[in-house]
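For reference, target_2.txt (compact mmCIF, C-alpha atoms):
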# COMPACT_ATOMS: atom_id res chain seq x y z
CA MET A 1 -39.53 15.47 38.44
CA ALA A 2 -36.32 15.46 40.41
CA ILE A 3 -36.69 15.11 44.12
CA ASP A 4 -33.31 14.59 45.81
CA GLU A 5 -33.29 13.30 49.36
CA ASP A 6 -30.17 13.95 51.40
CA PRO A 7 -27.82 14.41 48.42
CA GLU A 8 -25.17 15.63 50.87
CA GLY A 9 -25.20 12.20 52.55
CA HIS A 10 -25.64 13.61 56.06
CA GLU A 11 -27.67 10.60 57.17
CA ILE A 12 -25.19 7.88 56.18
CA ALA A 13 -22.28 10.02 57.40
CA ALA A 14 -23.93 10.30 60.82
CA LEU A 15 -24.62 6.56 60.84
CA ASP A 16 -21.09 5.65 59.76
CA ALA A 17 -19.70 7.80 62.56
CA MET A 18 -21.78 5.90 65.12
CA VAL A 19 -21.78 2.26 63.97
CA SER A 20 -19.90 0.04 61.58
CA PHE A 21 -21.99 -2.08 59.22
CA ALA A 22 -18.98 -4.11 58.07
CA SER A 23 -19.70 -7.85 58.33
CA ARG A 24 -22.70 -7.21 60.60
CA ARG A 25 -26.14 -8.80 60.44
CA VAL A 26 -28.56 -5.90 60.06
CA LEU A 27 -32.31 -5.64 60.52
CA GLU A 28 -33.82 -2.43 59.13
CA ILE A 29 -37.35 -1.60 60.24
CA GLY A 30 -39.24 0.81 58.01
CA CYS A 31 -36.89 0.50 55.05
CA GLY A 32 -39.36 1.88 52.49
CA ASP A 33 -37.94 1.59 48.98
CA GLY A 34 -34.39 1.14 50.29
CA ARG A 35 -33.21 4.75 50.13
CA LEU A 36 -31.01 4.20 53.20
CA THR A 37 -30.52 0.43 52.77
CA GLU A 38 -28.59 0.81 49.54
CA ARG A 39 -26.06 3.05 51.26
CA TYR A 40 -24.86 0.40 53.73
CA ALA A 41 -26.02 -3.02 52.41
CA HIS A 42 -22.82 -3.68 50.46
CA ASP A 43 -20.81 -3.61 53.70
CA ALA A 44 -23.12 -5.78 55.80
CA ALA A 45 -22.89 -9.55 56.16
CA SER A 46 -26.67 -9.79 55.73
CA VAL A 47 -29.65 -7.46 55.72
CA VAL A 48 -33.27 -8.16 56.59
CA ALA A 49 -35.30 -5.12 55.54
CA ILE A 50 -38.99 -4.86 56.38
CA ASP A 51 -41.77 -2.41 55.62
CA PRO A 52 -45.54 -2.87 55.42
CA ASP A 53 -45.59 -1.07 52.04
CA ALA A 54 -45.51 -3.93 49.50
CA ASP A 55 -44.83 -1.62 46.53
CA ALA A 56 -41.84 -0.09 48.28
CA ILE A 57 -40.49 -3.54 49.16
CA SER A 58 -40.85 -4.64 45.52
CA ALA A 59 -38.84 -1.61 44.44
CA LEU A 60 -36.14 -2.40 47.01
CA ALA A 61 -35.96 -6.06 45.96
CA MET A 62 -35.39 -5.03 42.34
CA VAL A 63 -32.43 -2.82 43.24
CA LEU A 64 -30.97 -4.91 46.09
CA PRO A 65 -31.63 -8.58 45.30
CA LYS A 66 -29.31 -9.83 48.05
CA VAL A 67 -31.34 -8.11 50.75
CA ASP A 68 -33.97 -10.24 52.50
CA ALA A 69 -36.83 -7.78 51.89
CA ARG A 70 -40.19 -8.53 53.45
CA ALA A 71 -43.49 -6.63 53.18
CA ILE A 72 -44.52 -7.05 56.81
CA GLY A 73 -44.78 -5.06 60.01
CA PHE A 74 -42.27 -5.53 62.82
CA GLU A 75 -44.85 -7.32 64.98
CA GLU A 76 -45.11 -10.04 62.29
CA LEU A 77 -41.37 -10.64 62.03
CA ARG A 78 -40.01 -13.85 63.53
CA LEU A 79 -36.26 -14.08 64.03
CA PRO A 80 -34.22 -16.14 66.49
CA PRO A 81 -33.15 -14.35 69.68
CA ALA A 82 -29.83 -12.48 69.52
CA SER A 83 -29.53 -13.19 65.78
CA ILE A 84 -29.03 -9.57 64.71
CA ASP A 85 -26.03 -7.29 65.29
CA ILE A 86 -27.66 -3.98 64.36
CA VAL A 87 -31.38 -3.22 64.59
CA LEU A 88 -32.06 0.00 62.71
CA PHE A 89 -35.31 1.90 63.20
CA ALA A 90 -35.34 4.01 60.06
CA TRP A 91 -37.72 6.85 60.86
CA SER A 92 -40.14 4.16 61.98
CA LEU A 93 -40.28 4.25 65.75
CA MET B 1 -43.15 2.04 70.25
CA VAL B 2 -41.97 0.66 73.58
CA ASP B 3 -43.10 -2.82 72.49
CA ALA B 4 -41.05 -2.48 69.29
CA LEU B 5 -37.96 -1.61 71.32
CA ARG B 6 -38.57 -4.58 73.62
CA ARG B 7 -38.81 -6.85 70.56
CA ALA B 8 -35.58 -5.35 69.24
CA HIS B 9 -33.92 -6.11 72.57
CA ARG B 10 -34.80 -9.80 72.17
CA MET B 11 -33.48 -9.97 68.60
CA VAL B 12 -30.24 -8.07 69.02
CA ASN B 13 -26.96 -9.72 69.93
CA PRO B 14 -25.85 -8.63 73.44
CA ALA B 15 -22.74 -7.11 71.82
CA GLY B 16 -24.81 -5.39 69.12
CA SER B 17 -26.61 -2.08 68.80
CA VAL B 18 -30.06 -0.67 68.28
CA VAL B 19 -30.07 2.49 66.20
CA ASP B 20 -32.97 4.91 66.06
CA LEU B 21 -33.41 7.68 63.53
CA HIS B 22 -36.34 10.02 63.97
CA PRO B 23 -37.08 13.67 63.16
CA SER B 24 -37.30 16.16 65.97
CA ALA B 25 -40.68 17.46 67.11
CA ALA B 26 -39.89 20.84 65.51
CA PRO B 27 -41.68 21.48 62.19
CA ALA B 28 -39.64 20.88 59.05
CA SER B 29 -38.72 24.18 57.43
CA VAL B 30 -38.84 25.22 53.78
CA GLU B 31 -35.71 27.07 52.67
CA VAL B 32 -34.22 28.83 49.67
CA ALA B 33 -30.47 29.31 49.73
CA GLY B 34 -30.44 28.74 53.46
CA CYS B 35 -33.21 31.31 54.16
CA ARG B 36 -36.36 30.00 55.79
CA THR B 37 -39.50 30.79 53.78
CA GLY B 38 -41.98 28.77 55.84
CA HIS B 39 -42.60 25.34 57.24
CA VAL B 40 -44.32 22.03 56.55
CA ASP B 41 -47.69 21.72 58.27
CA ALA B 42 -47.97 18.27 59.81
CA ASP B 43 -51.03 17.43 61.87
CA ASP B 44 -49.69 14.83 64.27
CA ALA B 45 -45.98 14.66 63.42
CA PRO B 46 -44.77 16.67 66.44
CA LEU B 47 -46.65 14.34 68.77
CA ARG B 48 -45.46 11.22 66.95
CA HIS B 49 -41.84 12.33 66.94
CA ALA B 50 -41.97 13.38 70.57
CA ALA B 51 -43.44 9.96 71.40
CA ALA B 52 -40.38 8.27 69.89
CA GLY B 53 -38.23 10.13 72.38
CA VAL B 54 -40.54 9.13 75.21
CA ALA B 55 -40.33 5.46 74.12
CA LEU B 56 -36.54 5.58 74.15
CA ALA B 57 -36.61 7.08 77.63
CA ALA B 58 -38.98 4.33 78.78
CA VAL B 59 -36.74 1.43 77.72
CA ILE B 60 -33.75 3.14 79.29
CA GLU B 61 -35.75 3.47 82.48
CA GLU B 62 -36.55 -0.26 82.21
CA VAL B 63 -32.77 -0.87 82.02
CA LEU B 64 -33.15 -2.72 78.72
CA PHE B 65 -30.75 -0.35 76.99
CA ALA B 66 -28.14 2.26 77.72
CA VAL B 67 -27.56 5.19 75.39
CA ASP B 68 -24.21 4.98 73.64
CA ARG B 69 -24.31 8.18 71.62
CA THR B 70 -26.74 10.72 70.23
CA VAL B 71 -26.20 13.10 67.35
CA VAL B 72 -28.46 15.59 65.56
CA PHE B 73 -28.09 16.35 61.86
CA SER B 74 -29.96 18.13 59.06
CA PHE B 75 -31.71 16.08 56.40
CA TYR B 76 -32.46 18.04 53.23
CA THR B 77 -34.95 17.20 50.49
CA TYR B 78 -34.53 19.25 47.31
CA GLY B 79 -36.97 19.87 44.48
CA ASP B 80 -36.63 21.73 41.21
CA THR B 81 -39.61 23.90 42.20
CA ILE B 82 -41.63 24.58 45.31
CA GLU B 83 -44.62 22.98 43.59
CA GLU B 84 -42.61 19.78 43.19
CA LEU B 85 -41.74 19.79 46.89
CA ARG B 86 -45.37 20.54 47.78
CA ASP B 87 -46.59 17.54 45.74
CA HIS B 88 -43.87 15.30 47.15
CA VAL B 89 -44.94 16.08 50.70
CA VAL B 90 -48.61 15.39 49.95
CA GLU B 91 -47.79 12.08 48.27
CA ASN B 92 -45.11 10.76 50.60
CA TRP B 93 -45.48 12.29 54.06
CA ARG B 94 -48.15 11.31 56.52
CA ASN B 95 -50.85 13.99 57.03
CA ALA B 96 -48.57 16.81 55.96
CA ARG B 97 -48.67 19.71 53.51
CA ILE B 98 -46.86 22.88 52.50
CA GLY B 99 -49.40 25.69 52.86
CA ASP B 100 -50.26 28.24 50.16
CA GLU B 101 -48.61 31.08 52.08
CA THR B 102 -45.29 29.23 52.24
CA VAL B 103 -45.57 28.25 48.56
CA GLU B 104 -46.15 31.88 47.54
CA ARG B 105 -43.36 33.24 49.75
CA THR B 106 -40.95 30.63 48.39
CA ARG B 107 -41.91 31.51 44.79
CA GLU B 108 -41.15 35.17 45.50
CA VAL B 109 -37.71 34.38 46.92
CA LEU B 110 -36.94 31.99 44.07
CA ARG B 111 -37.72 34.71 41.51
CA SER B 112 -34.75 36.68 42.78
CA ALA B 113 -32.45 33.68 43.31
CA SER B 114 -31.66 32.10 39.96
CA GLY B 115 -30.16 28.61 39.88
CA VAL B 116 -31.17 27.81 43.45
CA ARG B 117 -33.35 24.84 44.33
CA PRO B 118 -35.85 25.03 47.18
CA ARG B 119 -35.43 22.48 49.94
CA ILE B 120 -37.03 21.10 53.08
CA ARG B 121 -34.87 20.87 56.17
CA GLU B 122 -35.63 18.28 58.84
CA GLU B 123 -33.71 18.03 62.08
CA VAL B 124 -33.04 14.34 62.74
CA HIS B 125 -31.96 12.67 65.96
CA LEU B 126 -29.77 9.57 65.69
CA THR B 127 -29.37 7.52 68.85
CA THR B 128 -27.39 4.33 69.33
CA LEU B 129 -28.48 2.07 72.17
CA ARG B 130 -26.47 -0.71 73.78
CA PRO B 131 -28.57 -3.67 74.93
CA LEU B 132 -28.20 -4.52 78.60
CA THR B 133 -28.34 -8.00 80.01
CA PRO B 134 -29.36 -8.53 83.67
CA ARG B 135 -25.65 -8.64 84.60
CA SER B 136 -24.67 -5.52 82.62
CA ALA B 137 -27.84 -3.76 83.76
CA ARG B 138 -26.71 -4.16 87.37
CA GLY B 139 -23.38 -2.59 86.38
CA ALA B 140 -25.15 0.25 84.57
CA ALA B 141 -27.29 0.92 87.61
CA VAL B 142 -24.21 1.09 89.82
CA VAL B 143 -22.49 3.50 87.41
CA ALA B 144 -25.62 5.64 87.23
Can I see the file as structure tokens?
Amino acid sequence: MAIDEDPEGHEIAALDAMVSFASRRVLEIGCGDGRLTERYAHDAASVVAIDPDADAISALAMVLPKVDARAIGFEELRLPPASIDIVLFAWSL
Amino acid sequence: MVDALRRAHRMVNPAGSVVDLHPSAAPASVEVAGCRTGHVDADDAPLRHAAAGVALAAVIEEVLFAVDRTVVFSFYTYGDTIEELRDHVVENWRNARIGDETVERTREVLRSASGVRPRIREEVHLTTLRPLTPRSARGAAVVA
């Protein structure tokens, strides 16, 4: 089985052209197993990544241990006001 | 969706950004070597994806955000076979499938195109939003 999603990197190229993740505090909503997260997390100051799918979050946490990965919905997330530099709705709106 | 954007507005730094990625309301197409062989049937996806656009328009109307930039790009998912793509869609997409007719047509094209992998093409909209404060919102309204 070899499913390849966006091997050309069109998604991260489009993102990089629009925003810089360097030293930014990022919240990703709908991160799934971290397919997109792993492409920018190394640049960010911090990443909170949430998804209601607990299995997907476990997979993300294994690959990206520095990411604050939480198996919750956005409505359950509590963060201080103005504490995030980039809020990313990853195919989740 | 509008509530989620309002929550994002509270969490984001006034100098920060909200970024939305969502597929267009058009059906995803199945392709071989750039030729369309069919599409992905998705029960409610067009409505859901259109609703994302409506939600963005609503928070702009509320003067919570201003659009910085929008870009559209193609997102491709490749499989070794059309059957692999078909199974992937059933297992990972919400209420979606590749129909038998598209599977058969793709098989036929693949038989005459050695070394080519079938793929799904989705058109994705990327929008960056700038949060507006009451002061900047007044400025945005004047500019508009």
Using only C-alpha atoms, which chain B residues lie at most 10 Å away from chain A, written as a PyMOL selection string?
-> chain B and resi 1-5+7-23+48-49+51-53+55-56+68-81+84-85+88+119-121+124-129
In the coordinate frame of the file, compute which residues have an atom within 12 Å of (-42.0, -1.2, 49.8) when using all atoms listed in the file, and state them as a short mmCIF file (atom, residue, chain, number, x, y, z; two decimals) with C-alpha atoms, in the frame of the given file.
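File produced: point-v2.cif:
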data_model
loop_
_atom_site.label_atom_id
_atom_site.label_comp_id
_atom_site.auth_asym_id
_atom_site.auth_seq_id
_atom_site.Cartn_x
_atom_site.Cartn_y
_atom_site.Cartn_z
CA ILE A 29 -37.35 -1.60 60.24
CA GLY A 30 -39.24 0.81 58.01
CA CYS A 31 -36.89 0.50 55.05
CA GLY A 32 -39.36 1.88 52.49
CA ASP A 33 -37.94 1.59 48.98
CA GLY A 34 -34.39 1.14 50.29
CA ARG A 35 -33.21 4.75 50.13
CA THR A 37 -30.52 0.43 52.77
CA ALA A 49 -35.30 -5.12 55.54
CA ILE A 50 -38.99 -4.86 56.38
CA ASP A 51 -41.77 -2.41 55.62
CA PRO A 52 -45.54 -2.87 55.42
CA ASP A 53 -45.59 -1.07 52.04
CA ALA A 54 -45.51 -3.93 49.50
CA ASP A 55 -44.83 -1.62 46.53
CA ALA A 56 -41.84 -0.09 48.28
CA ILE A 57 -40.49 -3.54 49.16
CA SER A 58 -40.85 -4.64 45.52
CA ALA A 59 -38.84 -1.61 44.44
CA LEU A 60 -36.14 -2.40 47.01
CA ALA A 61 -35.96 -6.06 45.96
CA MET A 62 -35.39 -5.03 42.34
CA VAL A 63 -32.43 -2.82 43.24
CA ALA A 69 -36.83 -7.78 51.89
CA ARG A 70 -40.19 -8.53 53.45
CA ALA A 71 -43.49 -6.63 53.18
CA ILE A 72 -44.52 -7.05 56.81
CA GLY A 73 -44.78 -5.06 60.01
#
Counting all atoms listed in the file, find the residues whose atoms lie at most 8 Å from (-20.8, -1.8, 58.1) (file coordinates) and write them out as JSON, numbers by chain.
-> {"A": [16, 19, 20, 21, 22, 23, 24, 40, 41, 43, 44]}
Any idea what the distance is between CA of Asp44 in chain B and CA of Glu101 in chain B?
-> 20.3 Å
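The coordinates place CA of Arg107 in chain B at 18.2 Å from CA of Val90 in chain B.
The space separating CA of Val54 in chain B from CA of Pro131 in chain B comes to 17.5 Å.
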